[in-house]
Structures are given as structure tokens and as C-alpha cells.
Amino acid sequence: MSYELDPLPYEYDALEPHISEQVLTWHHDTHHQGYVNGWNAAEETLAISEQVLTWHHDTHHQGYVNGWNAAEETLAENREAGEFGSSAGALRNVTHNGSGHILHDLFWQNMSPEGGDEPEGALAERIAEDFGSYEAWKGEFEAAAGAAGGWALLVYDSFSNQLRNVVVDKHDQGAGAAGGWALLVYDSFSNQLRNVVVDKHDQGALWGSHPILALDVWEHSYYHDYGPARGDFVSAFFEVVDWDEPAARYDQAVELFE
């Protein structure tokens with residue numbers, strides 16, 4: 001919908017000498033028109049922002065889901081046939097697409113129009129215990145989000161049994177024909193064992209970590225709305241962050257690992 005400036009219900013000089021034709025012309029045709037133009041521009045921005053979110057969820061995220069399913073089918077077929085020539089590539093695709101799907105799913109669940117509050121209950125107490133205070137955690141998380149090549153995460157580290165902020169430059173772990181490690185892991189999202197191959201032992205992530213809160217800081221998440229001002233996007237994230245899902249994930253991690 002586009003808004004238009006209605007013409008004055010009288011001539012521009014009709015109010016003289018009380019209000020001059022010159023002032024009335026500027027006030028109506030320039031000043032008032034500016035508000036109409038600004039309203040239309042704002043509505044267009046909102047429409048485009050909705051389109052960006054729709055693309056991010058329905059196309060970008062869906063691509064990870066499709067890729068994960070295709071790779072799982074390849075692995076299942078190879079196991080049944082006893083032929084594993086294409087399994088290394090499929091494992092790479094499982095890791096890449098599976099990690100992309102899991103983190104994006106967390107990202108969506110971590111936000112809500114009713115969000116913006118601070119955590120409560122057991123998670124709030126643990127944040128204060130492991131970081132000193134909520135403000136200390138938030139400051140460190142914002143620093144992680146400013147430095148990350150891809151994601152900033154609050155995770156439960158099952159090796160040291162504590163919460164940590166981590167910087168993730170790539171959402172996968174470089175899986176493929178292994179240049180460094182071959183691992184049998186327990187996938188706590190799908191509750192099953194998996195083989196993974198890892199070229200580098202880190203990609204800014206931490207093995208044994210259970211993600212609690214995820215913030216996507218790839219440019220496609222914020223550049224249309226905030227340009228290069230990533231910090232403004234990070235601040236905006238805290239206006240919509242919903243702690244119900246992170247609290248549930250924290251409870252799950254404690255049940256699994258403590």
C-alpha cells in the first residue's frame with residue numbers, strides 16, 4: 001500500500017494575511033510531503049525485511065535440510081550395498097548441512113516478538129555462577145558476536161561442566177576425507193551415533209559442547225537492515241531474545257552430562 005498527500009481543501013493563498021501563501025506551500029508541499037514519503041519508505045523497508053527473513057528461513061535454511069536428507073540417504077544406501085566410495089563426501093554434506101540446520105533452528109527458536117527479557121531460574125543462576133553476572137556474560141557474548149565469522153554461541157561444555165561463549169567462523173567442522181581426525185560421536189540432537197571426519201580439530205567451536213543460544217552473524221542476517229553496523233544488529237537481537245528455549249536446552253544438557 002502506498003500513501004499519497006491529499007491536496008489542500010483551499011487555495012494556497014486563501015489564509016492570507018494570517019498564513020502566507022509561501023509558508024503554506026512549503027508546509028504542505030515539502031514538509032508534509034516529507035512525512036508521506038518517509039512513511040512509504042518505511043513500509044517498503046518493512047516489506048523487504050519480511051522478504052529477507054522469508055528467504056533466510058524458507059530458502060537458505062531449507063537448503064540445509066534438503067542437503068542433510070540427501071546425504072543421509074546416500075549413507076544409508078552405501079551401508080546397505082556395502083559400497084563406501086561416496087561416503088566421505090556424504091559425511092561432509094551431513095556435517096555441513098546438519099550443522100547449518102541445527103544452528104538455524106536454534107536461532108529461530110531463540111527469538112520471539114515477546115522476547116527481550118533477561119534469563120530467569122536455573123539458567124540465570126548458572127550464567128551468574130560461570131560468568132560472574134549476566135552483564136559480564138552479555139558483554140563477552142557481544143564481543144564474540146562482533147568477532148565471529150559466522151556464529152556466536154552460548155554452549156554447555158560437557159567436559160568442564162560449565163557454560164561458555166564460543167566464536168564460530170564456519171558452522172561445520174571441515175568434515176570430509178579426513179585430514180586430521182575420524183570420530184565416532186553421539187549426536188545429542190538426533191540421539192544417535194554418527195561417524196564424522198574432521199580436517200581441523202577446531203573451526204572456532206569446542207568439541208563436547210551442547211549449544212544453548214545461537215546468534216547468526218553472517219551478513220545475510222543483518223546487512224539489509226543495519227548495513228555494516230553489526231553491533232546494532234547484535235543489540236537488536238537482545239530486544240527479541242526469548243530465553244524459554246535456551247533454558248530448556250540448558251536443563252537438557254545438565255540432565256545429560258551432570
# chains A, B, ... in the order shown; residues from 1 in each chain; ligands from 1
call {"tool": "residues_around", "arguments": {"residues": "A:Tyr250", "least_positions_apart": "6", "cutoff": "10 Å", "atoms": "only C-alpha atoms", "output": "VMD selection string"}}
result
chain A and resid 122 to 123 126 155 to 156 163 210 to 213 244 256
call {"tool": "residues_around", "arguments": {"residues": "A:Met111", "least_positions_apart": "2", "cutoff": "10 Å", "atoms": "only C-alpha atoms", "output": "PyMOL selection string"}}
result
chain A and resi 106-109+113-116+213-215+237-245
call {"tool": "write_last_selection", "arguments": {"atoms": "C-alpha atoms", "output": "JSON list (two decimals), in the first residue's frame"}}
result
[["chain", "number", "residue", "atom", "x", "y", "z"],
["A", 106, "LEU", "CA", 18.21, -22.75, 17.38],
["A", 107, "PHE", "CA", 18.45, -19.20, 16.01],
["A", 108, "TRP", "CA", 14.74, -19.07, 15.13],
["A", 109, "GLN", "CA", 13.69, -20.63, 18.44],
["A", 113, "PRO", "CA", 8.13, -10.92, 19.41],
["A", 114, "GLU", "CA", 7.52, -11.24, 23.17],
["A", 115, "GLY", "CA", 11.25, -11.58, 23.91],
["A", 116, "GLY", "CA", 13.74, -9.07, 25.21],
["A", 213, "LEU", "CA", 21.83, -19.97, 22.45],
["A", 214, "ALA", "CA", 22.74, -19.19, 18.83],
["A", 215, "LEU", "CA", 23.14, -15.88, 17.00],
["A", 237, "PHE", "CA", 18.88, -9.36, 18.92],
["A", 238, "PHE", "CA", 18.70, -8.78, 22.67],
["A", 239, "GLU", "CA", 15.42, -6.93, 22.16],
["A", 240, "VAL", "CA", 13.80, -10.12, 20.82],
["A", 241, "VAL", "CA", 15.80, -12.90, 22.51],
["A", 242, "ASP", "CA", 13.47, -15.45, 24.11],
["A", 243, "TRP", "CA", 15.08, -17.43, 26.94],
["A", 244, "ASP", "CA", 12.46, -20.20, 27.17],
["A", 245, "GLU", "CA", 14.16, -22.43, 24.56]]
call {"tool": "closest_residue", "arguments": {"among": "A:Leu91, A:Ala14, A:Leu53, A:Leu5", "to": "A:Tyr35", "atoms": "only C-alpha atoms"}}
result
A:Leu5
call {"tool": "closest_residue", "arguments": {"among": "A:Gln162, A:Phe257, A:Gly98, A:Ser87", "to": "A:Ser190", "atoms": "only C-alpha atoms"}}
result
A:Gly98
call {"tool": "select_by_dssp", "arguments": {"residues": "stretch 9-129 of chain A", "states": "alpha helix (DSSP H)", "output": "ChimeraX atom specification"}}
result
/A:21-26,33-54,62-81,87-109,121-129
call {"tool": "write_last_selection", "arguments": {"atoms": "C-alpha atoms", "output": "compact mmCIF listing (two decimals), in the first residue's frame"}}
result
# COMPACT_ATOMS: atom_id res chain seq x y z
CA GLU A 21 0.96 31.51 0.56
CA GLN A 22 4.74 30.92 0.69
CA VAL A 23 4.70 29.34 4.16
CA LEU A 24 1.61 27.25 3.45
CA THR A 25 3.07 25.98 0.17
CA TRP A 26 6.30 24.90 1.86
CA GLN A 33 5.09 15.54 1.74
CA GLY A 34 8.30 14.52 3.51
CA TYR A 35 6.31 12.63 6.14
CA VAL A 36 4.29 10.84 3.45
CA ASN A 37 7.48 9.90 1.62
CA GLY A 38 9.06 8.68 4.86
CA TRP A 39 6.01 6.57 5.70
CA ASN A 40 6.05 4.94 2.28
CA ALA A 41 9.79 4.28 2.53
CA ALA A 42 9.37 2.73 5.98
CA GLU A 43 6.57 0.46 4.76
CA GLU A 44 8.74 -0.64 1.83
CA THR A 45 11.61 -1.40 4.22
CA LEU A 46 9.34 -3.49 6.43
CA ALA A 47 8.12 -5.43 3.41
CA ILE A 48 11.68 -6.07 2.21
CA SER A 49 12.80 -7.06 5.73
CA GLU A 50 10.00 -9.61 5.81
CA GLN A 51 11.18 -10.87 2.44
CA VAL A 52 14.73 -11.22 3.79
CA LEU A 53 13.52 -13.27 6.77
CA THR A 54 11.34 -15.38 4.47
CA GLN A 62 15.53 -25.24 3.77
CA GLY A 63 18.57 -25.85 1.58
CA TYR A 64 20.44 -27.24 4.58
CA VAL A 65 17.53 -29.55 5.43
CA ASN A 66 17.36 -30.82 1.85
CA GLY A 67 21.12 -31.35 1.72
CA TRP A 68 21.15 -33.21 5.03
CA ASN A 69 18.35 -35.56 3.93
CA ALA A 70 20.06 -36.29 0.61
CA ALA A 71 23.36 -37.07 2.33
CA GLU A 72 21.67 -39.36 4.87
CA GLU A 73 20.03 -41.25 2.01
CA THR A 74 23.41 -41.72 0.33
CA LEU A 75 24.99 -43.05 3.53
CA ALA A 76 22.08 -45.46 4.11
CA GLU A 77 22.27 -46.77 0.55
CA ASN A 78 26.05 -47.24 0.82
CA ARG A 79 25.74 -49.17 4.09
CA GLU A 80 23.12 -51.46 2.60
CA ALA A 81 25.17 -52.07 -0.56
CA SER A 87 30.56 -41.99 1.80
CA ALA A 88 33.31 -39.48 2.61
CA GLY A 89 31.60 -36.82 0.51
CA ALA A 90 28.24 -37.67 2.04
CA LEU A 91 29.73 -37.33 5.53
CA ARG A 92 30.97 -33.87 4.59
CA ASN A 93 27.46 -32.98 3.45
CA VAL A 94 25.88 -34.34 6.63
CA THR A 95 28.20 -32.23 8.75
CA HIS A 96 27.81 -29.09 6.65
CA ASN A 97 24.07 -29.27 6.16
CA GLY A 98 23.24 -30.81 9.53
CA SER A 99 25.19 -28.14 11.39
CA GLY A 100 23.56 -25.43 9.29
CA HIS A 101 20.10 -26.80 10.03
CA ILE A 102 20.68 -27.26 13.76
CA LEU A 103 22.11 -23.77 14.32
CA HIS A 104 19.46 -22.06 12.23
CA ASP A 105 16.74 -23.97 14.09
CA LEU A 106 18.21 -22.75 17.38
CA PHE A 107 18.45 -19.20 16.01
CA TRP A 108 14.74 -19.07 15.13
CA GLN A 109 13.69 -20.63 18.44
CA GLY A 121 15.62 -19.55 37.03
CA ALA A 122 18.34 -22.19 36.84
CA LEU A 123 19.92 -20.83 33.63
CA ALA A 124 20.17 -17.32 35.08
CA GLU A 125 21.80 -18.72 38.22
CA ARG A 126 24.29 -20.75 36.16
CA ILE A 127 25.19 -17.75 33.99
CA ALA A 128 25.91 -15.76 37.14
CA GLU A 129 27.95 -18.64 38.55
call {"tool": "closest_residue", "arguments": {"among": "A:Pro246, A:Val254, A:Ile19, A:Ala148", "to": "A:Gly231", "atoms": "only C-alpha atoms"}}
result
A:Ala148
call {"tool": "select_by_dssp", "arguments": {"residues": "stretch 49-251 of chain A", "states": "strand (DSSP E or B)", "output": "tab-separated table (two decimals) with all heavy atoms, in the first residue's frame"}}
result
chain	number	residue	atom	x	y	z
A	111	MET	N	14.38	-16.54	19.37
A	111	MET	CA	13.80	-15.20	19.24
A	111	MET	C	12.28	-15.28	19.28
A	111	MET	O	11.69	-16.29	18.92
A	111	MET	CB	14.24	-14.56	17.92
A	111	MET	CG	15.73	-14.31	17.80
A	111	MET	SD	16.18	-13.47	16.26
A	111	MET	CE	15.84	-14.76	15.05
A	151	TRP	N	28.97	-17.38	13.54
A	151	TRP	CA	28.03	-17.56	14.64
A	151	TRP	C	28.68	-17.22	15.97
A	151	TRP	O	29.87	-17.44	16.17
A	151	TRP	CB	27.55	-19.01	14.71
A	151	TRP	CG	26.77	-19.47	13.53
A	151	TRP	CD1	27.25	-19.89	12.33
A	151	TRP	CD2	25.35	-19.53	13.42
A	151	TRP	NE1	26.23	-20.21	11.49
A	151	TRP	CE2	25.04	-20.01	12.13
A	151	TRP	CE3	24.29	-19.24	14.30
A	151	TRP	CZ2	23.74	-20.20	11.68
A	151	TRP	CZ3	23.00	-19.44	13.86
A	151	TRP	CH2	22.73	-19.91	12.58
A	152	ALA	N	27.88	-16.70	16.89
A	152	ALA	CA	28.25	-16.60	18.30
A	152	ALA	C	27.32	-17.54	19.07
A	152	ALA	O	26.10	-17.51	18.85
A	152	ALA	CB	28.10	-15.17	18.81
A	153	LEU	N	27.89	-18.36	19.94
A	153	LEU	CA	27.11	-19.37	20.64
A	153	LEU	C	27.37	-19.31	22.14
A	153	LEU	O	28.50	-19.10	22.58
A	153	LEU	CB	27.47	-20.78	20.15
A	153	LEU	CG	27.36	-21.09	18.66
A	153	LEU	CD1	27.83	-22.52	18.41
A	153	LEU	CD2	25.93	-20.91	18.18
A	154	LEU	N	26.31	-19.51	22.91
A	154	LEU	CA	26.43	-19.88	24.31
A	154	LEU	C	26.26	-21.39	24.36
A	154	LEU	O	25.23	-21.91	23.89
A	154	LEU	CB	25.36	-19.19	25.16
A	154	LEU	CG	25.24	-19.66	26.61
A	154	LEU	CD1	26.50	-19.36	27.40
A	154	LEU	CD2	24.01	-19.03	27.28
A	155	VAL	N	27.25	-22.09	24.89
A	155	VAL	CA	27.21	-23.55	24.89
A	155	VAL	C	27.43	-24.09	26.30
A	155	VAL	O	28.01	-23.42	27.16
A	155	VAL	CB	28.29	-24.15	23.95
A	155	VAL	CG1	28.14	-23.61	22.53
A	155	VAL	CG2	29.70	-23.89	24.48
A	156	TYR	N	26.94	-25.31	26.49
A	156	TYR	CA	27.27	-26.05	27.70
A	156	TYR	C	28.43	-26.98	27.36
A	156	TYR	O	28.31	-27.87	26.50
A	156	TYR	CB	26.07	-26.86	28.19
A	156	TYR	CG	26.38	-27.66	29.43
A	156	TYR	CD1	26.27	-27.09	30.70
A	156	TYR	CD2	26.83	-28.98	29.35
A	156	TYR	CE1	26.57	-27.81	31.84
A	156	TYR	CE2	27.13	-29.71	30.48
A	156	TYR	CZ	27.01	-29.12	31.72
A	156	TYR	OH	27.32	-29.84	32.85
A	157	ASP	N	29.57	-26.77	28.00
A	157	ASP	CA	30.77	-27.57	27.76
A	157	ASP	C	30.70	-28.80	28.66
A	157	ASP	O	30.86	-28.71	29.87
A	157	ASP	CB	32.00	-26.71	28.09
A	157	ASP	CG	33.30	-27.50	28.07
A	157	ASP	OD1	33.29	-28.69	27.70
A	157	ASP	OD2	34.33	-26.92	28.46
A	162	GLN	N	30.52	-26.57	32.36
A	162	GLN	CA	30.25	-25.16	32.58
A	162	GLN	C	29.78	-24.52	31.28
A	162	GLN	O	29.98	-25.07	30.19
A	162	GLN	CB	31.50	-24.44	33.10
A	162	GLN	CG	32.62	-24.28	32.09
A	162	GLN	CD	33.83	-23.58	32.67
A	162	GLN	OE1	34.59	-24.17	33.45
A	162	GLN	NE2	34.01	-22.31	32.32
A	163	LEU	N	29.16	-23.36	31.41
A	163	LEU	CA	28.74	-22.60	30.24
A	163	LEU	C	29.91	-21.83	29.68
A	163	LEU	O	30.78	-21.35	30.42
A	163	LEU	CB	27.62	-21.62	30.63
A	163	LEU	CG	26.30	-22.23	31.08
A	163	LEU	CD1	25.35	-21.12	31.52
A	163	LEU	CD2	25.66	-23.06	29.98
A	164	ARG	N	29.94	-21.70	28.36
A	164	ARG	CA	30.99	-20.94	27.68
A	164	ARG	C	30.39	-20.19	26.50
A	164	ARG	O	29.45	-20.66	25.86
A	164	ARG	CB	32.09	-21.86	27.14
A	164	ARG	CG	32.90	-22.61	28.17
A	164	ARG	CD	34.04	-23.37	27.48
A	164	ARG	NE	34.77	-24.19	28.40
A	164	ARG	CZ	35.77	-23.76	29.18
A	164	ARG	NH1	36.13	-22.49	29.12
A	164	ARG	NH2	36.41	-24.59	29.98
A	165	ASN	N	30.95	-19.03	26.19
A	165	ASN	CA	30.71	-18.37	24.91
A	165	ASN	C	31.77	-18.84	23.92
A	165	ASN	O	32.95	-18.94	24.27
A	165	ASN	CB	30.80	-16.85	25.05
A	165	ASN	CG	29.63	-16.27	25.82
A	165	ASN	OD1	28.50	-16.67	25.63
A	165	ASN	ND2	29.90	-15.31	26.70
A	166	VAL	N	31.37	-19.14	22.70
A	166	VAL	CA	32.33	-19.54	21.68
A	166	VAL	C	32.08	-18.75	20.40
A	166	VAL	O	30.96	-18.34	20.11
A	166	VAL	CB	32.30	-21.06	21.39
A	166	VAL	CG1	32.70	-21.86	22.60
A	166	VAL	CG2	30.94	-21.49	20.89
A	167	VAL	N	33.16	-18.55	19.67
A	167	VAL	CA	33.13	-17.89	18.37
A	167	VAL	C	33.25	-18.96	17.30
A	167	VAL	O	34.15	-19.80	17.36
A	167	VAL	CB	34.29	-16.88	18.23
A	167	VAL	CG1	34.37	-16.33	16.82
A	167	VAL	CG2	34.14	-15.76	19.24
A	168	VAL	N	32.35	-18.97	16.34
A	168	VAL	CA	32.34	-19.97	15.28
A	168	VAL	C	32.44	-19.27	13.94
A	168	VAL	O	31.57	-18.49	13.57
A	168	VAL	CB	31.05	-20.82	15.34
A	168	VAL	CG1	31.03	-21.84	14.21
A	168	VAL	CG2	30.95	-21.53	16.69
A	181	TRP	N	41.19	-35.94	11.78
A	181	TRP	CA	40.57	-36.84	12.74
A	181	TRP	C	39.40	-37.59	12.11
A	181	TRP	O	38.68	-37.05	11.28
A	181	TRP	CB	40.00	-36.04	13.94
A	181	TRP	CG	41.03	-35.29	14.73
A	181	TRP	CD1	41.59	-34.10	14.43
A	181	TRP	CD2	41.62	-35.71	15.95
A	181	TRP	NE1	42.48	-33.73	15.39
A	181	TRP	CE2	42.53	-34.70	16.34
A	181	TRP	CE3	41.47	-36.84	16.77
A	181	TRP	CZ2	43.28	-34.78	17.51
A	181	TRP	CZ3	42.22	-36.91	17.93
A	181	TRP	CH2	43.12	-35.89	18.28
A	182	ALA	N	39.21	-38.84	12.54
A	182	ALA	CA	37.98	-39.59	12.27
A	182	ALA	C	37.35	-39.89	13.63
A	182	ALA	O	38.02	-40.39	14.53
A	182	ALA	CB	38.28	-40.89	11.53
A	183	LEU	N	36.06	-39.55	13.78
A	183	LEU	CA	35.42	-39.65	15.08
A	183	LEU	C	34.12	-40.44	14.99
A	183	LEU	O	33.39	-40.33	14.00
A	183	LEU	CB	35.09	-38.25	15.62
A	183	LEU	CG	36.22	-37.24	15.77
A	183	LEU	CD1	35.66	-35.90	16.23
A	183	LEU	CD2	37.26	-37.75	16.77
A	184	LEU	N	33.84	-41.21	16.03
A	184	LEU	CA	32.52	-41.73	16.28
A	184	LEU	C	31.93	-40.86	17.38
A	184	LEU	O	32.49	-40.76	18.47
A	184	LEU	CB	32.57	-43.19	16.74
A	184	LEU	CG	31.25	-43.80	17.20
A	184	LEU	CD1	30.23	-43.86	16.07
A	184	LEU	CD2	31.49	-45.20	17.79
A	185	VAL	N	30.80	-40.21	17.08
A	185	VAL	CA	30.23	-39.26	18.03
A	185	VAL	C	28.80	-39.63	18.34
A	185	VAL	O	28.13	-40.32	17.56
A	185	VAL	CB	30.27	-37.80	17.48
A	185	VAL	CG1	31.70	-37.41	17.12
A	185	VAL	CG2	29.34	-37.62	16.28
A	186	TYR	N	28.33	-39.17	19.51
A	186	TYR	CA	26.91	-39.27	19.84
A	186	TYR	C	26.27	-37.93	19.52
A	186	TYR	O	26.65	-36.89	20.09
A	186	TYR	CB	26.70	-39.60	21.31
A	186	TYR	CG	25.24	-39.66	21.71
A	186	TYR	CD1	24.46	-40.78	21.41
A	186	TYR	CD2	24.62	-38.58	22.34
A	186	TYR	CE1	23.12	-40.83	21.74
A	186	TYR	CE2	23.28	-38.61	22.67
A	186	TYR	CZ	22.54	-39.74	22.38
A	186	TYR	OH	21.21	-39.79	22.70
A	187	ASP	N	25.33	-37.93	18.59
A	187	ASP	CA	24.63	-36.72	18.17
A	187	ASP	C	23.44	-36.51	19.11
A	187	ASP	O	22.45	-37.24	19.05
A	187	ASP	CB	24.17	-36.88	16.73
A	187	ASP	CG	23.27	-35.76	16.25
A	187	ASP	OD1	23.07	-34.78	17.00
A	187	ASP	OD2	22.76	-35.87	15.12
A	192	GLN	N	21.58	-40.27	18.18
A	192	GLN	CA	22.12	-41.44	17.50
A	192	GLN	C	23.63	-41.28	17.34
A	192	GLN	O	24.17	-40.18	17.45
A	192	GLN	CB	21.47	-41.63	16.14
A	192	GLN	CG	21.81	-40.55	15.11
A	192	GLN	CD	21.10	-40.75	13.79
A	192	GLN	OE1	19.92	-40.47	13.67
A	192	GLN	NE2	21.82	-41.26	12.80
A	193	LEU	N	24.29	-42.41	17.10
A	193	LEU	CA	25.72	-42.38	16.82
A	193	LEU	C	25.96	-41.97	15.37
A	193	LEU	O	25.18	-42.33	14.48
A	193	LEU	CB	26.33	-43.75	17.08
A	193	LEU	CG	26.33	-44.24	18.53
A	193	LEU	CD1	26.90	-45.66	18.59
A	193	LEU	CD2	27.14	-43.31	19.43
A	194	ARG	N	27.08	-41.26	15.12
A	194	ARG	CA	27.46	-40.87	13.77
A	194	ARG	C	28.98	-41.00	13.61
A	194	ARG	O	29.73	-40.77	14.56
A	194	ARG	CB	27.11	-39.40	13.49
A	194	ARG	CG	25.64	-39.08	13.44
A	194	ARG	CD	25.44	-37.63	12.99
A	194	ARG	NE	24.03	-37.27	12.98
A	194	ARG	CZ	23.19	-37.57	12.01
A	194	ARG	NH1	23.63	-38.24	10.95
A	194	ARG	NH2	21.92	-37.23	12.07
A	195	ASN	N	29.40	-41.34	12.39
A	195	ASN	CA	30.80	-41.18	12.01
A	195	ASN	C	30.98	-39.80	11.40
A	195	ASN	O	30.17	-39.36	10.57
A	195	ASN	CB	31.20	-42.22	10.97
A	195	ASN	CG	31.30	-43.60	11.55
A	195	ASN	OD1	31.83	-43.79	12.64
A	195	ASN	ND2	30.79	-44.60	10.84
A	196	VAL	N	32.02	-39.10	11.83
A	196	VAL	CA	32.36	-37.82	11.21
A	196	VAL	C	33.87	-37.79	10.98
A	196	VAL	O	34.64	-38.44	11.69
A	196	VAL	CB	31.94	-36.59	12.05
A	196	VAL	CG1	30.44	-36.53	12.21
A	196	VAL	CG2	32.62	-36.60	13.41
A	197	VAL	N	34.27	-37.07	9.95
A	197	VAL	CA	35.69	-36.89	9.66
A	197	VAL	C	36.00	-35.40	9.70
A	197	VAL	O	35.21	-34.59	9.23
A	197	VAL	CB	36.06	-37.51	8.30
A	197	VAL	CG1	36.09	-39.01	8.40
A	197	VAL	CG2	35.11	-37.09	7.21
A	198	VAL	N	37.12	-35.05	10.28
A	198	VAL	CA	37.41	-33.65	10.60
A	198	VAL	C	38.78	-33.28	10.07
A	198	VAL	O	39.78	-33.92	10.40
A	198	VAL	CB	37.36	-33.45	12.14
A	198	VAL	CG1	37.70	-32.01	12.49
A	198	VAL	CG2	36.00	-33.82	12.67
A	209	SER	N	30.58	-29.66	23.22
A	209	SER	CA	29.68	-28.56	23.62
A	209	SER	C	28.26	-28.82	23.16
A	209	SER	O	28.03	-29.38	22.08
A	209	SER	CB	30.18	-27.24	23.04
A	209	SER	OG	31.43	-26.88	23.57
A	210	HIS	N	27.33	-28.38	23.96
A	210	HIS	CA	25.90	-28.51	23.68
A	210	HIS	C	25.35	-27.09	23.51
A	210	HIS	O	25.27	-26.34	24.49
A	210	HIS	CB	25.21	-29.21	24.85
A	210	HIS	CG	23.81	-29.62	24.59
A	210	HIS	ND1	23.48	-30.73	23.84
A	210	HIS	CD2	22.63	-29.08	24.99
A	210	HIS	CE1	22.16	-30.86	23.80
A	210	HIS	NE2	21.62	-29.87	24.48
A	211	PRO	N	25.00	-26.67	22.28
A	211	PRO	CA	24.56	-25.28	22.07
A	211	PRO	C	23.30	-24.94	22.87
A	211	PRO	O	22.36	-25.71	22.93
A	211	PRO	CB	24.28	-25.21	20.57
A	211	PRO	CG	25.10	-26.32	19.98
A	211	PRO	CD	25.10	-27.40	21.02
A	212	ILE	N	23.33	-23.77	23.50
A	212	ILE	CA	22.22	-23.28	24.31
A	212	ILE	C	21.53	-22.11	23.62
A	212	ILE	O	20.31	-22.03	23.54
A	212	ILE	CB	22.72	-22.83	25.71
A	212	ILE	CG1	23.42	-23.99	26.44
A	212	ILE	CG2	21.57	-22.28	26.53
A	212	ILE	CD1	22.55	-25.17	26.73
A	213	LEU	N	22.34	-21.18	23.10
A	213	LEU	CA	21.83	-19.97	22.45
A	213	LEU	C	22.66	-19.72	21.21
A	213	LEU	O	23.90	-19.82	21.26
A	213	LEU	CB	21.92	-18.78	23.40
A	213	LEU	CG	21.43	-17.42	22.88
A	213	LEU	CD1	19.91	-17.38	22.89
A	213	LEU	CD2	21.98	-16.28	23.73
A	214	ALA	N	22.01	-19.39	20.09
A	214	ALA	CA	22.74	-19.19	18.83
A	214	ALA	C	22.34	-17.86	18.20
A	214	ALA	O	21.16	-17.52	18.12
A	214	ALA	CB	22.43	-20.34	17.85
A	215	LEU	N	23.36	-17.13	17.73
A	215	LEU	CA	23.14	-15.88	17.00
A	215	LEU	C	23.89	-15.95	15.68
A	215	LEU	O	25.12	-16.10	15.66
A	215	LEU	CB	23.64	-14.69	17.83
A	215	LEU	CG	23.63	-13.32	17.12
A	215	LEU	CD1	22.25	-12.98	16.59
A	215	LEU	CD2	24.13	-12.24	18.07
A	216	ASP	N	23.16	-15.86	14.59
A	216	ASP	CA	23.72	-15.90	13.24
A	216	ASP	C	24.21	-14.50	12.87
A	216	ASP	O	23.41	-13.57	12.76
A	216	ASP	CB	22.65	-16.37	12.26
A	216	ASP	CG	23.18	-16.59	10.84
A	216	ASP	OD1	24.33	-16.19	10.56
A	216	ASP	OD2	22.44	-17.14	10.01
A	241	VAL	N	15.35	-11.59	22.03
A	241	VAL	CA	15.80	-12.90	22.51
A	241	VAL	C	14.76	-13.47	23.47
A	241	VAL	O	14.24	-12.77	24.34
A	241	VAL	CB	17.19	-12.81	23.16
A	241	VAL	CG1	17.17	-11.96	24.41
A	241	VAL	CG2	17.73	-14.20	23.47
call {"tool": "atom_distance", "arguments": {"atom1": "atom CA of A:Asp232", "atom2": "atom CA of A:Lys138"}}
result
14.4 Å
call {"tool": "residues_around", "arguments": {"residues": "A:Asp6", "least_positions_apart": "3", "cutoff": "10 Å", "atoms": "only C-alpha atoms", "output": "PyMOL selection string"}}
result
chain A and resi 3+9+28-29+33
call {"tool": "write_last_selection", "arguments": {"atoms": "all heavy atoms", "output": "tab-separated table (two decimals), in the first residue's frame"}}
result
chain	number	residue	atom	x	y	z
A	3	TYR	N	0.92	5.51	0.29
A	3	TYR	CA	0.15	6.65	0.78
A	3	TYR	C	0.44	7.87	-0.08
A	3	TYR	O	1.56	8.06	-0.57
A	3	TYR	CB	0.50	6.93	2.24
A	3	TYR	CG	0.21	5.75	3.14
A	3	TYR	CD1	1.21	4.83	3.46
A	3	TYR	CD2	-1.06	5.54	3.65
A	3	TYR	CE1	0.94	3.75	4.27
A	3	TYR	CE2	-1.34	4.46	4.47
A	3	TYR	CZ	-0.34	3.56	4.77
A	3	TYR	OH	-0.60	2.48	5.56
A	9	PRO	N	-7.62	21.66	1.02
A	9	PRO	CA	-9.04	21.88	0.69
A	9	PRO	C	-9.34	23.33	0.29
A	9	PRO	O	-10.51	23.69	0.18
A	9	PRO	CB	-9.74	21.51	1.99
A	9	PRO	CG	-8.76	21.81	3.05
A	9	PRO	CD	-7.42	21.49	2.47
A	28	HIS	N	2.92	22.43	3.32
A	28	HIS	CA	2.15	21.33	2.75
A	28	HIS	C	2.95	20.53	1.74
A	28	HIS	O	3.08	19.30	1.84
A	28	HIS	CB	0.87	21.88	2.09
A	28	HIS	CG	0.04	20.81	1.45
A	28	HIS	ND1	0.21	20.43	0.12
A	28	HIS	CD2	-0.95	20.01	1.94
A	28	HIS	CE1	-0.65	19.47	-0.17
A	28	HIS	NE2	-1.37	19.20	0.92
A	29	ASP	N	3.53	21.21	0.75
A	29	ASP	CA	4.13	20.51	-0.39
A	29	ASP	C	5.50	19.91	-0.08
A	29	ASP	O	5.91	18.94	-0.73
A	29	ASP	CB	4.25	21.46	-1.59
A	29	ASP	CG	2.90	21.88	-2.13
A	29	ASP	OD1	1.88	21.45	-1.57
A	29	ASP	OD2	2.87	22.66	-3.10
A	33	GLN	N	4.76	16.57	2.73
A	33	GLN	CA	5.09	15.54	1.74
A	33	GLN	C	6.26	14.68	2.22
A	33	GLN	O	6.32	13.49	1.93
A	33	GLN	CB	5.45	16.19	0.41
A	33	GLN	CG	5.74	15.20	-0.72
A	33	GLN	CD	4.52	14.39	-1.11
A	33	GLN	OE1	3.49	14.97	-1.46
A	33	GLN	NE2	4.62	13.07	-1.07
call {"tool": "atom_distance", "arguments": {"atom1": "atom CA of A:His27", "atom2": "atom CA of A:Tyr12"}}
result
10.4 Å
call {"tool": "atom_distance", "arguments": {"atom1": "atom CA of A:Arg249", "atom2": "atom CA of A:Ser235"}}
result
22.8 Å
call {"tool": "decode", "arguments": {"residues": "stretch 7-16 of chain A", "atoms": "N, CA and C atoms", "output": "compact mmCIF listing (two decimals), in the first residue's frame"}}
result
# COMPACT_ATOMS: atom_id res chain seq x y z
N PRO A 7 -4.49 16.98 -1.60
CA PRO A 7 -4.35 18.43 -1.82
C PRO A 7 -5.05 19.20 -0.71
N LEU A 8 -4.62 20.44 -0.52
CA LEU A 8 -5.30 21.30 0.46
C LEU A 8 -6.75 21.51 0.05
N PRO A 9 -7.62 21.66 1.02
CA PRO A 9 -9.04 21.88 0.69
C PRO A 9 -9.34 23.33 0.29
N TYR A 10 -8.31 24.11 0.09
CA TYR A 10 -8.47 25.51 -0.30
C TYR A 10 -7.21 25.95 -1.03
N GLU A 11 -7.22 27.11 -1.61
CA GLU A 11 -6.06 27.63 -2.33
C GLU A 11 -4.95 27.99 -1.35
N TYR A 12 -3.71 28.00 -1.87
CA TYR A 12 -2.57 28.28 -1.01
C TYR A 12 -2.60 29.69 -0.42
N ASP A 13 -3.25 30.62 -1.11
CA ASP A 13 -3.29 32.00 -0.60
C ASP A 13 -4.58 32.31 0.15
N ALA A 14 -5.40 31.29 0.38
CA ALA A 14 -6.72 31.54 0.96
C ALA A 14 -6.65 31.98 2.42
N LEU A 15 -5.55 31.68 3.11
CA LEU A 15 -5.46 32.02 4.53
C LEU A 15 -4.70 33.32 4.80
N GLU A 16 -4.28 33.98 3.73
CA GLU A 16 -3.62 35.27 3.92
C GLU A 16 -4.63 36.30 4.45
